[in-house]
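Worksheet: one structure, shown below.
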2 protein chains.
Amino acid sequence: MRKQGPAAVVPPPADDVVRIIPLGGVEEIGRNMTAIEIGNDIFILDCGFAFSEDDTPGIDYILPNTGYLEERRDKIRGLLISHGHLDHIGGIPYILDRIGNPPIYTRKLTGMMIKKRQEEFALTAPAMIREVEADEVLKLGAATVRFFGVTHTVPDSMGIIIETAWGDVVFTGDIKLNHEGGEPSDEEKREFGIFKNRKVLALLMDSTNVWQPGFSIPESNVYRTLEALIKETTGRLIIAMFASHLERLIRVVHFAESYGKKIVIDGRSMRTNIEIAREIGLIKYKDDTVVAVENMNQYPPERLIILATGAQGDEFASLARIGNKTHKHIRLTPEDTIILSSSVIPGNERAVQKLKDNLSRQGAHIITYHASDVHASGHGNREEAVWIHKQIKPKFFVPVHGYHYMLRIHGDLAVEMGVEKGNVVIPDNSSIIDIKAGEKIVKQSFKAPSETRVVEGQTVSELSDVLMRDRKALGQEGFCVVVATVDRRTGKLHKSPDIISRGFVYLRDNKDLMDQTRLIIRKSVEDSMHNPRGADLDIARDDLAEAVARFLLQRTQKRPIVIPVIVSI
Amino acid sequence: MRKQGPAAVVPPPADDVVRIIPLGGVEEIGRNMTAIEIGNDIFILDCGFAFSEDDTPGIDYILPNTGYLEERRDKIRGLLISHGHLDHIGGIPYILDRIGNPPIYTRKLTGMMIKKRQEEFALTAPAMIREVEADEVLKLGAATVRFFGVTHTVPDSMGIIIETAWGDVVFTGDIKLNHEGGEPSDEEKREFGIFKNRKVLALLMDSTNVWQPGFSIPESNVYRTLEALIKETTGRLIIAMFASHLERLIRVVHFAESYGKKIVIDGRSMRTNIEIAREIGLIKYKDDTVVAVENMNQYPPERLIILATGAQGDEFASLARIGNKTHKHIRLTPEDTIILSSSVIPGNERAVQKLKDNLSRQGAHIITYHASDVHASGHGNREEAVWIHKQIKPKFFVPVHGYHYMLRIHGDLAVEMGVEKGNVVIPDNSSIIDIKAGEKIVKQSFKAPSETRVVEGQTVSELSDVLMRDRKALGQEGFCVVVATVDRRTGKLHKSPDIISRGFVYLRDNKDLMDQTRLIIRKSVEDSMHNPRGADLDIARDDLAEAVARFLLQRTQKRPIVIPVIVSI
């Protein structure tokens, strides 16, 4: 939300420069997007959005600022997408056209997910999606681009390698290890084996959980726990999780079939994702394994598994409706078991608490990740990062994906792992980082355009600080419109002034305050108008607003926004 | 926020009944208050408030509803306060007078904390505070009241015992164990020893962390970690914590003196608490151990410990100002170490993240409870609850202090510990729970008054759902005032309508939308006025608001509150 002056012209990189511009995702979790510029080519890594939070009320999504790319759209050789989560693909429908609709290179599932999303928007041109394999080698512009498979929570996640004359630029995307007691899987060892004989110039790596000590819980533990619960639970089982945790969803469907249970999918995003996975062969199940929610009661409870959305407490999701008894088909009984197979996203604690209260009021047994391994993060902890650094051994290091504090911890880790201190750069959004002749890294004093861009309704615009400030004030203090009709000739009020307020306290209930406010209005306007011919209505309005605001503050300790309306007749 | 009809008259308890009414703190964390009514006597346990959260925008504090007590103020024998935290004493200045200013019984430190707070309010009558000792026995009304010392994070915390003809009603207050590897301290064993020969009718116990498995980190671990850090840190040390964690504050001052360091106290609440503790002899230190922040630079950094408020990211606290470089006296250097000796209260994650980002941008080393035992909760985990239940062995159990989900887990625990299933009642706020003849517990179908009461500015009132809804809408969508001056005779607009908006998007920037909205206004008003003599201004206003709202929604996907002003001249 920092402002800068009229966009300084950023000089193009010299011929021997590899330029790295993180456009989003390095001062927050979300809106991941990074541009790599080499000579006459620009490669874009991911194109996510972030969900709006407390400090941007009324905003739907926050986008990376792509001004730099828009001015250089002819140089863009492609959008390379690591995986199909919204913080990596969510920006595409809003941004693709602005940057000249470049081809999108990604793996099959991710491509399907992008395509499905594009269908929800009324867009002029279709996205050009070019499906790649993990072991494919592409020629884009003057560069060679390679990929490698990584472990995350959605299939087809991959890292990206851009070969340059000075070595590889490597981007991990979101990453964790599927380790067993700290030992990575054979598949991971194989995938990372490609780095044995490569010279890595620079590493850009996910920093989300590197501040957490040790290893993360491997997803395989979660599968074991879920399998045991599916096998052993005697009543009906409700499993709530993110639709984006597609690997886990696939496993649950598989376990259900193994133990002769039926699946009810209650949530649109979940159904869509499972259908995509089935369509491209990532999962196979019999048609009758999935049962419509309205036919659920044809089966005994112990044969039913309900997959539900809403583990974050989202007000209108399946689980919330089950909790507050407004679900059309599902009513809880004390024999039901509910698994919240997710962590709580910061900011959602209260909503999740309310959800758990509602569910437990109906006697259902609730299992959370606190008591049992029913959830694991998709981002590796410190020791996983250590292993990955050891495989890739970069000369320069730029941590991405995380708040500044997380990036700094990751930067310190890289130094411990052998990167020279001067070869680590902690970026800000829109930092321009140039690696010169493969020898020297510089965070330039100039930046790419960095004003925050937001989506509100169907409009993309720059975030307005004034608008945000007004909304925050209105949300706490409300407003008050005062209407005075004044006789132009006499300077006297025509009738008693009107007061209309919303979100502000006590006015309607408090006749005294109302009457006294009317007196304040009358006095202010008539004072302003005492020389009616010379009276300036704008000044009169300002004075009126100030007088009323001051009086209300003194009497109520509240600061409603006061809108003065003076009609002179 | 549920409403009930005009307060049903709650019948008084029969002579053989012990009545328990949790008035707050059993559907939330905070505003703890419970009434015990026996025959002609009412005893009140604690009187806290809760801080407002997202669902009550613009509200300062949330109070227990004390309507039941206000109608029975003559029966109130005393307010018994377990300890000096705001969720146990915060309601006193707002409530004491309403319930007839009963005497307050509590230990020395808590009494001082209550007194200090009362001084900040312009109150008519002084609080009557009667200091008690932990081993004191009081006669109040027809009952005998005893106390026992408990471990929490503030000195002088105590549990309360009310003797009845059928056994004791025991209230723990906030509680954890100062255990060593699961073994409670000798002092705790001694304090709980009193229950060896007592018959406990009912237990009311803190449930905050009982859902967490195992034992909590004992505070003694935190002391050891802090002592080591104070001893070994070579640069300046900044320790941020809650001022309410007074035990820990006292230890830090003590360690500082032991290792020849100076203390800078930067935060009013912290200074007040340390001064109170010193005044009553809970802590002793030399006058020159504490250094004023403006004289700090007379000492080398390695001899300085700054105690700071603001570990929760509070915008105006000491640590936030250090972070954003607006602190008058303190600038960070990369040689500084900052200890965040606190957890993050749900809802504050983003603010704390921003704080850590700001601090780490200046290169300071940050130590959090994730990496090191620099914080422990004041509430015991499950295994501590197990030990406490074993000592007290109640016949009836009513879990308090927590969300419904937490209480239910605690209720299940009590059953596992031997309480009969039918002898556990999970209360709601204002539930009336009667224990008849020491034999049977009933949660009555009627309730004490339960409308949510809130503090806003200086006013205590019932929470208005409409007000909250308006504030939430305004905070997301803003509002729009449209002013039309219409000629009474012709039914035509006198001039172009005015549009004033705040918190709503695009209007000022979007001349088209503005012009089209003016057309909509003109059309709506002139249609309404086409028969000027018969026109009803109220209907015209409603139609105008609806027409404008519909148009703006369609064009912007936003729903600003539309205020129609029609002046007929």
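Each chain in the structure tokens gets a letter, A, B and so on, in the order shown; residues start at 1 in every chain, and ligands are counted from 1 in the order they appear.
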
Interface rows for chain A against chain B: nearest pair, Å to one decimal, 8 Å, only C-alpha atoms, as CSV:
```
residue,atom,partner,partner_atom,distance
A:Pro57,CA,B:Gln476,CA,5.3
A:Gly58,CA,B:Gln476,CA,3.9
A:Ile59,CA,B:Gln476,CA,7.7
A:Gln212,CA,B:His370,CA,7.2
A:Pro213,CA,B:Ala371,CA,6.9
A:Pro346,CA,B:Glu349,CA,6.0
A:Gly347,CA,B:Gly347,CA,5.2
A:Asn348,CA,B:Gly347,CA,7.7
A:Glu349,CA,B:Pro346,CA,6.0
A:Arg350,CA,B:Pro346,CA,7.3
A:Gln353,CA,B:Tyr403,CA,7.5
A:Lys356,CA,B:Tyr405,CA,6.1
A:Asp357,CA,B:Tyr405,CA,4.7
A:Ser360,CA,B:Tyr405,CA,5.8
A:Arg361,CA,B:His404,CA,7.4
A:His370,CA,B:Gln212,CA,7.2
A:Ala371,CA,B:Pro213,CA,6.9
A:Tyr403,CA,B:Asp357,CA,6.8
A:His404,CA,B:Asp357,CA,5.2
A:Tyr405,CA,B:Asp357,CA,4.7
A:Arg408,CA,B:Ser360,CA,7.4
A:Gly457,CA,B:Gln557,CA,5.1
A:Gln458,CA,B:Thr556,CA,7.2
A:Thr459,CA,B:Thr556,CA,7.8
A:Leu467,CA,B:Gly503,CA,5.1
A:Met468,CA,B:Gly503,CA,7.0
A:Asp470,CA,B:Gly503,CA,5.1
A:Arg471,CA,B:Gly475,CA,4.4
A:Lys472,CA,B:Gly475,CA,5.6
A:Ala473,CA,B:Gly475,CA,7.4
A:Leu474,CA,B:Gly475,CA,5.5
A:Gly475,CA,B:Gly475,CA,3.9
A:Gln476,CA,B:Gly58,CA,3.9
A:Glu477,CA,B:Gly58,CA,6.0
A:Gly478,CA,B:Arg471,CA,6.1
A:Thr485,CA,B:Val567,CA,8.0
A:Arg502,CA,B:Asp470,CA,6.3
A:Gly503,CA,B:Arg471,CA,4.8
A:Phe504,CA,B:Leu467,CA,7.3
A:Val505,CA,B:Leu467,CA,7.4
A:Thr556,CA,B:Gly457,CA,6.3
A:Gln557,CA,B:Gly457,CA,5.1
A:Lys558,CA,B:Gly457,CA,6.9
A:Val567,CA,B:Val567,CA,7.9
A:Ile569,CA,B:Ile569,CA,7.5
```

task: Report the residues of segment 416-526 of chain B whose backbone DSSP state falls under helix (DSSP H, G or I), written as a ChimeraX atom specification.
output: /B:416,421-423,465-477,511-526

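Considering the residues B:Gly67, B:Gly111, B:Gly267, B:Gly491 and counting only C-alpha atoms, Thr309 of chain B has its shortest atom-to-atom contact with B:Gly267.
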
task: Mind checking which residues fall within 6 Å of Asp206 of chain A, counting only C-alpha atoms, ignoring those fewer than 5 positions away in the same chain, and posting them as JSON, numbers by chain?
output: {"A": [174, 400, 401]}

message: Can you tell me which residues surround Ala308 of chain B at a distance of at most 12 Å, considering only C-alpha atoms, apart from same-chain residues fewer than 5 positions away, and format the answer as a ChimeraX atom specification?
response: /B:237-243,249,263-271,293,313-314,316-323,327,330,338-342

Would you save the residues from that selection as an mmCIF file, in the first residue's frame, using N, CA and C atoms?
```
data_model
loop_
_atom_site.group_PDB
_atom_site.id
_atom_site.type_symbol
_atom_site.label_atom_id
_atom_site.label_comp_id
_atom_site.auth_asym_id
_atom_site.auth_seq_id
_atom_site.Cartn_x
_atom_site.Cartn_y
_atom_site.Cartn_z
ATOM 1 N N LEU B 237 18.514 -6.307 25.143
ATOM 2 C CA LEU B 237 17.432 -7.288 25.153
ATOM 3 C C LEU B 237 16.099 -6.561 25.313
ATOM 4 N N ILE B 238 15.155 -6.871 24.442
ATOM 5 C CA ILE B 238 13.807 -6.322 24.576
ATOM 6 C C ILE B 238 12.879 -7.492 24.841
ATOM 7 N N ILE B 239 12.169 -7.453 25.952
ATOM 8 C CA ILE B 239 11.240 -8.542 26.270
ATOM 9 C C ILE B 239 9.824 -7.985 26.238
ATOM 10 N N ALA B 240 9.010 -8.517 25.342
ATOM 11 C CA ALA B 240 7.623 -8.052 25.236
ATOM 12 C C ALA B 240 6.708 -9.108 25.833
ATOM 13 N N MET B 241 5.795 -8.682 26.676
ATOM 14 C CA MET B 241 4.838 -9.629 27.271
ATOM 15 C C MET B 241 3.600 -8.879 27.749
ATOM 16 N N PHE B 242 2.609 -9.645 28.182
ATOM 17 C CA PHE B 242 1.420 -9.044 28.775
ATOM 18 C C PHE B 242 1.778 -8.422 30.125
ATOM 19 N N ALA B 243 1.271 -7.242 30.390
ATOM 20 C CA ALA B 243 1.445 -6.648 31.712
ATOM 21 C C ALA B 243 0.742 -7.504 32.768
ATOM 22 N N LEU B 249 6.829 -10.990 34.990
ATOM 23 C CA LEU B 249 7.454 -9.664 35.059
ATOM 24 C C LEU B 249 8.345 -9.564 36.296
ATOM 25 N N ILE B 263 16.814 -2.177 34.035
ATOM 26 C CA ILE B 263 15.505 -2.416 33.436
ATOM 27 C C ILE B 263 14.910 -1.100 32.948
ATOM 28 N N VAL B 264 14.421 -1.087 31.721
ATOM 29 C CA VAL B 264 13.623 0.040 31.222
ATOM 30 C C VAL B 264 12.195 -0.481 31.062
ATOM 31 N N ILE B 265 11.234 0.163 31.717
ATOM 32 C CA ILE B 265 9.847 -0.291 31.604
ATOM 33 C C ILE B 265 9.134 0.630 30.627
ATOM 34 N N ASP B 266 8.738 0.094 29.490
ATOM 35 C CA ASP B 266 8.138 0.941 28.458
ATOM 36 C C ASP B 266 6.703 0.505 28.195
ATOM 37 N N GLY B 267 5.799 1.049 28.967
ATOM 38 C CA GLY B 267 4.395 0.650 28.852
ATOM 39 C C GLY B 267 3.723 0.962 30.183
ATOM 40 N N ARG B 268 2.631 1.698 30.106
ATOM 41 C CA ARG B 268 2.011 2.198 31.327
ATOM 42 C C ARG B 268 1.472 1.075 32.204
ATOM 43 N N SER B 269 0.764 0.102 31.587
ATOM 44 C CA SER B 269 0.145 -0.960 32.372
ATOM 45 C C SER B 269 1.216 -1.796 33.078
ATOM 46 N N MET B 270 2.338 -1.981 32.398
ATOM 47 C CA MET B 270 3.444 -2.720 32.983
ATOM 48 C C MET B 270 4.020 -1.990 34.192
ATOM 49 N N ARG B 271 4.219 -0.677 34.019
ATOM 50 C CA ARG B 271 4.792 0.115 35.102
ATOM 51 C C ARG B 271 3.857 0.087 36.307
ATOM 52 N N VAL B 293 13.429 5.582 30.303
ATOM 53 C CA VAL B 293 13.771 5.306 28.909
ATOM 54 C C VAL B 293 14.639 6.420 28.310
ATOM 55 N N GLY B 313 0.795 -7.007 18.865
ATOM 56 C CA GLY B 313 0.715 -6.186 17.658
ATOM 57 C C GLY B 313 -0.151 -4.943 17.817
ATOM 58 N N ASP B 314 -0.563 -4.617 19.049
ATOM 59 C CA ASP B 314 -1.395 -3.439 19.284
ATOM 60 C C ASP B 314 -0.720 -2.202 18.695
ATOM 61 N N PHE B 316 -0.604 0.984 18.972
ATOM 62 C CA PHE B 316 -0.006 2.139 19.640
ATOM 63 C C PHE B 316 0.902 1.749 20.802
ATOM 64 N N ALA B 317 1.110 0.458 20.988
ATOM 65 C CA ALA B 317 1.939 0.012 22.108
ATOM 66 C C ALA B 317 3.416 0.224 21.781
ATOM 67 N N SER B 318 4.214 0.109 22.827
ATOM 68 C CA SER B 318 5.650 0.337 22.737
ATOM 69 C C SER B 318 6.301 -0.409 21.568
ATOM 70 N N LEU B 319 6.059 -1.709 21.483
ATOM 71 C CA LEU B 319 6.765 -2.520 20.495
ATOM 72 C C LEU B 319 6.390 -2.142 19.058
ATOM 73 N N ALA B 320 5.121 -1.781 18.842
ATOM 74 C CA ALA B 320 4.700 -1.356 17.507
ATOM 75 C C ALA B 320 5.449 -0.088 17.107
ATOM 76 N N ARG B 321 5.597 0.826 18.053
ATOM 77 C CA ARG B 321 6.304 2.068 17.739
ATOM 78 C C ARG B 321 7.790 1.825 17.500
ATOM 79 N N ILE B 322 8.357 0.874 18.233
ATOM 80 C CA ILE B 322 9.747 0.489 17.948
ATOM 81 C C ILE B 322 9.814 -0.094 16.525
ATOM 82 N N GLY B 323 8.832 -0.911 16.192
ATOM 83 C CA GLY B 323 8.819 -1.574 14.888
ATOM 84 C C GLY B 323 8.681 -0.611 13.732
ATOM 85 N N HIS B 327 9.088 5.304 17.683
ATOM 86 C CA HIS B 327 9.352 5.389 19.128
ATOM 87 C C HIS B 327 10.298 6.554 19.388
ATOM 88 N N ILE B 330 13.672 4.713 21.299
ATOM 89 C CA ILE B 330 14.287 3.425 20.983
ATOM 90 C C ILE B 330 14.349 3.189 19.475
ATOM 91 N N ILE B 338 15.023 -9.491 20.501
ATOM 92 C CA ILE B 338 13.664 -9.247 20.971
ATOM 93 C C ILE B 338 13.025 -10.580 21.333
ATOM 94 N N ILE B 339 12.528 -10.691 22.550
ATOM 95 C CA ILE B 339 11.812 -11.900 22.959
ATOM 96 C C ILE B 339 10.321 -11.592 22.986
ATOM 97 N N LEU B 340 9.535 -12.324 22.197
ATOM 98 C CA LEU B 340 8.079 -12.196 22.275
ATOM 99 C C LEU B 340 7.598 -13.249 23.269
ATOM 100 N N SER B 341 7.508 -12.829 24.533
ATOM 101 C CA SER B 341 7.184 -13.762 25.606
ATOM 102 C C SER B 341 5.670 -13.837 25.781
ATOM 103 N N SER B 342 5.020 -14.276 24.723
ATOM 104 C CA SER B 342 3.555 -14.399 24.762
ATOM 105 C C SER B 342 3.118 -15.223 23.572
#
```

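The smallest atom-to-atom distance between His530 of chain B and any of B:Thr490, B:Thr110, B:Asn178, B:Gln298, using only C-alpha atoms, is found for B:Thr490.
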
query: Any idea what's packed within 12 Å of Phe195 of chain B, counting only C-alpha atoms, ignoring anything in its chain fewer than 4 positions away? Could you give it as an MDAnalysis selection string?
result: chainID B and resid 146:148 161 167:170 188:191 199:201 203 388:394

Let's have the selection written as a JSON list (two decimals), in the first residue's frame, with C-alpha atoms.
```json
[["chain", "number", "residue", "atom", "x", "y", "z"],
["B", 146, "ARG", "CA", -13.02, -20.53, 52.32],
["B", 147, "PHE", "CA", -10.22, -20.03, 49.83],
["B", 148, "PHE", "CA", -7.25, -21.95, 48.49],
["B", 161, "ILE", "CA", -15.16, -22.78, 48.48],
["B", 167, "GLY", "CA", -21.24, -30.23, 50.69],
["B", 168, "ASP", "CA", -18.93, -27.64, 49.14],
["B", 169, "VAL", "CA", -19.38, -25.65, 45.99],
["B", 170, "VAL", "CA", -15.80, -25.30, 44.69],
["B", 188, "GLU", "CA", 0.01, -27.25, 45.10],
["B", 189, "LYS", "CA", -0.17, -30.60, 46.87],
["B", 190, "ARG", "CA", -0.47, -28.76, 50.18],
["B", 191, "GLU", "CA", -3.17, -26.36, 48.93],
["B", 199, "LYS", "CA", -17.23, -33.47, 50.75],
["B", 200, "VAL", "CA", -17.52, -31.61, 47.46],
["B", 201, "LEU", "CA", -21.02, -31.16, 46.14],
["B", 203, "LEU", "CA", -17.08, -28.23, 41.06],
["B", 388, "ILE", "CA", -7.24, -31.49, 39.91],
["B", 389, "HIS", "CA", -10.38, -33.57, 39.43],
["B", 390, "LYS", "CA", -8.73, -36.38, 41.41],
["B", 391, "GLN", "CA", -8.10, -34.07, 44.34],
["B", 392, "ILE", "CA", -11.54, -32.49, 44.42],
["B", 393, "LYS", "CA", -13.75, -35.49, 43.52],
["B", 394, "PRO", "CA", -17.00, -33.59, 43.07]]
```

message: List as a ChimeraX atom specification the protein and nucleic acid residues near Ile432 of chain A, meaning an atom at most 12 Å away when only C-alpha atoms are counted, but skip any in the same chain fewer than 3 places from it.
response: /A:10-13,17-23,34-37,68,398,425-429,435,441-450

Kindly save the residues from that selection, with N, CA and C atoms included, as an mmCIF file, in the first residue's frame.
```cif
data_model
loop_
_atom_site.group_PDB
_atom_site.id
_atom_site.type_symbol
_atom_site.label_atom_id
_atom_site.label_comp_id
_atom_site.auth_asym_id
_atom_site.auth_seq_id
_atom_site.Cartn_x
_atom_site.Cartn_y
_atom_site.Cartn_z
ATOM 1 N N VAL A 10 12.023 2.170 -15.730
ATOM 2 C CA VAL A 10 13.010 1.199 -15.287
ATOM 3 C C VAL A 10 13.865 0.835 -16.488
ATOM 4 N N PRO A 11 15.175 1.018 -16.384
ATOM 5 C CA PRO A 11 16.033 0.689 -17.532
ATOM 6 C C PRO A 11 16.019 -0.815 -17.785
ATOM 7 N N PRO A 12 16.132 -1.226 -19.035
ATOM 8 C CA PRO A 12 16.135 -2.666 -19.330
ATOM 9 C C PRO A 12 17.410 -3.307 -18.781
ATOM 10 N N PRO A 13 17.362 -4.598 -18.521
ATOM 11 C CA PRO A 13 18.566 -5.269 -18.020
ATOM 12 C C PRO A 13 19.642 -5.306 -19.105
ATOM 13 N N VAL A 17 22.710 -9.643 -17.761
ATOM 14 C CA VAL A 17 21.952 -9.620 -16.508
ATOM 15 C C VAL A 17 20.802 -10.628 -16.534
ATOM 16 N N VAL A 18 20.624 -11.319 -15.413
ATOM 17 C CA VAL A 18 19.399 -12.082 -15.179
ATOM 18 C C VAL A 18 18.607 -11.274 -14.167
ATOM 19 N N ARG A 19 17.424 -10.835 -14.592
ATOM 20 C CA ARG A 19 16.619 -9.970 -13.717
ATOM 21 C C ARG A 19 15.479 -10.783 -13.091
ATOM 22 N N ILE A 20 15.317 -10.626 -11.787
ATOM 23 C CA ILE A 20 14.260 -11.329 -11.046
ATOM 24 C C ILE A 20 13.360 -10.286 -10.401
ATOM 25 N N ILE A 21 12.061 -10.345 -10.687
ATOM 26 C CA ILE A 21 11.129 -9.374 -10.103
ATOM 27 C C ILE A 21 9.978 -10.111 -9.421
ATOM 28 N N PRO A 22 10.039 -10.263 -8.107
ATOM 29 C CA PRO A 22 8.882 -10.833 -7.404
ATOM 30 C C PRO A 22 7.768 -9.779 -7.392
ATOM 31 N N LEU A 23 6.667 -10.074 -8.070
ATOM 32 C CA LEU A 23 5.583 -9.080 -8.176
ATOM 33 C C LEU A 23 4.548 -9.246 -7.069
ATOM 34 N N THR A 34 6.181 -14.101 -10.034
ATOM 35 C CA THR A 34 7.546 -13.606 -10.191
ATOM 36 C C THR A 34 7.887 -13.561 -11.674
ATOM 37 N N ALA A 35 8.537 -12.501 -12.081
ATOM 38 C CA ALA A 35 8.986 -12.397 -13.471
ATOM 39 C C ALA A 35 10.497 -12.584 -13.532
ATOM 40 N N ILE A 36 10.934 -13.330 -14.544
ATOM 41 C CA ILE A 36 12.369 -13.506 -14.810
ATOM 42 C C ILE A 36 12.621 -12.895 -16.184
ATOM 43 N N GLU A 37 13.515 -11.916 -16.239
ATOM 44 C CA GLU A 37 13.779 -11.218 -17.500
ATOM 45 C C GLU A 37 15.239 -11.433 -17.884
ATOM 46 N N TYR A 68 4.650 -3.503 -14.739
ATOM 47 C CA TYR A 68 5.944 -3.729 -15.405
ATOM 48 C C TYR A 68 5.777 -4.630 -16.625
ATOM 49 N N VAL A 398 17.074 -16.159 -3.364
ATOM 50 C CA VAL A 398 15.998 -15.182 -3.171
ATOM 51 C C VAL A 398 14.793 -15.931 -2.588
ATOM 52 N N VAL A 425 19.328 -12.102 -1.289
ATOM 53 C CA VAL A 425 18.542 -10.869 -1.321
ATOM 54 C C VAL A 425 17.137 -11.174 -0.813
ATOM 55 N N ILE A 426 16.701 -10.433 0.211
ATOM 56 C CA ILE A 426 15.324 -10.552 0.693
ATOM 57 C C ILE A 426 14.493 -9.538 -0.093
ATOM 58 N N PRO A 427 13.592 -10.005 -0.947
ATOM 59 C CA PRO A 427 12.870 -9.074 -1.821
ATOM 60 C C PRO A 427 11.647 -8.453 -1.154
ATOM 61 N N ASP A 428 11.216 -7.339 -1.686
ATOM 62 C CA ASP A 428 9.871 -6.812 -1.447
ATOM 63 C C ASP A 428 9.079 -7.017 -2.735
ATOM 64 N N ASN A 429 7.761 -6.870 -2.651
ATOM 65 C CA ASN A 429 6.975 -6.930 -3.875
ATOM 66 C C ASN A 429 7.457 -5.837 -4.822
ATOM 67 N N ILE A 435 21.118 -9.995 -11.403
ATOM 68 C CA ILE A 435 22.348 -10.778 -11.226
ATOM 69 C C ILE A 435 23.221 -10.503 -12.441
ATOM 70 N N ILE A 441 24.911 -9.955 -7.274
ATOM 71 C CA ILE A 441 23.478 -9.723 -7.201
ATOM 72 C C ILE A 441 23.221 -8.346 -6.599
ATOM 73 N N VAL A 442 22.289 -7.616 -7.186
ATOM 74 C CA VAL A 442 21.982 -6.251 -6.730
ATOM 75 C C VAL A 442 20.474 -6.079 -6.623
ATOM 76 N N LYS A 443 20.017 -5.587 -5.485
ATOM 77 C CA LYS A 443 18.621 -5.150 -5.378
ATOM 78 C C LYS A 443 18.624 -3.686 -5.759
ATOM 79 N N GLN A 444 18.045 -3.375 -6.904
ATOM 80 C CA GLN A 444 18.124 -2.012 -7.429
ATOM 81 C C GLN A 444 17.372 -1.022 -6.540
ATOM 82 N N SER A 445 17.774 0.234 -6.639
ATOM 83 C CA SER A 445 17.103 1.268 -5.847
ATOM 84 C C SER A 445 15.741 1.602 -6.457
ATOM 85 N N PHE A 446 15.585 1.322 -7.756
ATOM 86 C CA PHE A 446 14.276 1.551 -8.381
ATOM 87 C C PHE A 446 13.448 0.271 -8.335
ATOM 88 N N LYS A 447 12.149 0.446 -8.450
ATOM 89 C CA LYS A 447 11.224 -0.680 -8.334
ATOM 90 C C LYS A 447 10.312 -0.740 -9.555
ATOM 91 N N ALA A 448 9.719 -1.877 -9.786
ATOM 92 C CA ALA A 448 8.610 -1.974 -10.735
ATOM 93 C C ALA A 448 7.380 -1.334 -10.082
ATOM 94 N N PRO A 449 6.361 -0.971 -10.877
ATOM 95 C CA PRO A 449 5.158 -0.377 -10.270
ATOM 96 C C PRO A 449 4.638 -1.290 -9.152
ATOM 97 N N SER A 450 4.290 -0.678 -8.017
ATOM 98 C CA SER A 450 3.979 -1.518 -6.861
ATOM 99 C C SER A 450 2.695 -1.145 -6.135
#
```

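Here atom CA of Ala142 of chain B is placed at a distance of 15.9 Å from atom CA of Pro103 of chain B.
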
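Secondary structure by DSSP on the backbone puts the following residues of segment 81-137 of chain A in strand (DSSP E): A:Ile104, A:Tyr105, A:Thr106, A:Ile129, A:Arg130, A:Glu131, A:Val137.
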
Next, the residues of the selection above should be written as a PDB file, in the first residue's frame with N, CA and C atoms.
```pdb
ATOM      1  N   ILE A 104       0.201 -20.318 -21.698  1.00  0.00           N
ATOM      2  CA  ILE A 104       0.388 -20.827 -20.341  1.00  0.00           C
ATOM      3  C   ILE A 104       0.956 -22.229 -20.432  1.00  0.00           C
ATOM      4  N   TYR A 105       2.084 -22.462 -19.779  1.00  0.00           N
ATOM      5  CA  TYR A 105       2.701 -23.779 -19.760  1.00  0.00           C
ATOM      6  C   TYR A 105       2.517 -24.394 -18.389  1.00  0.00           C
ATOM      7  N   THR A 106       1.875 -25.557 -18.341  1.00  0.00           N
ATOM      8  CA  THR A 106       1.690 -26.218 -17.051  1.00  0.00           C
ATOM      9  C   THR A 106       1.303 -27.680 -17.267  1.00  0.00           C
ATOM     10  N   ILE A 129      -3.546 -22.721 -23.337  1.00  0.00           N
ATOM     11  CA  ILE A 129      -2.881 -23.573 -22.361  1.00  0.00           C
ATOM     12  C   ILE A 129      -2.122 -24.669 -23.081  1.00  0.00           C
ATOM     13  N   ARG A 130      -0.861 -24.754 -22.789  1.00  0.00           N
ATOM     14  CA  ARG A 130       0.006 -25.740 -23.432  1.00  0.00           C
ATOM     15  C   ARG A 130       0.468 -26.704 -22.346  1.00  0.00           C
ATOM     16  N   GLU A 131      -0.037 -27.941 -22.436  1.00  0.00           N
ATOM     17  CA  GLU A 131       0.251 -28.930 -21.409  1.00  0.00           C
ATOM     18  C   GLU A 131       1.677 -29.452 -21.528  1.00  0.00           C
ATOM     19  N   VAL A 137      11.310 -30.729 -21.981  1.00  0.00           N
ATOM     20  CA  VAL A 137      12.240 -29.615 -22.141  1.00  0.00           C
ATOM     21  C   VAL A 137      11.672 -28.687 -23.203  1.00  0.00           C
TER      22      VAL A 137
END
```
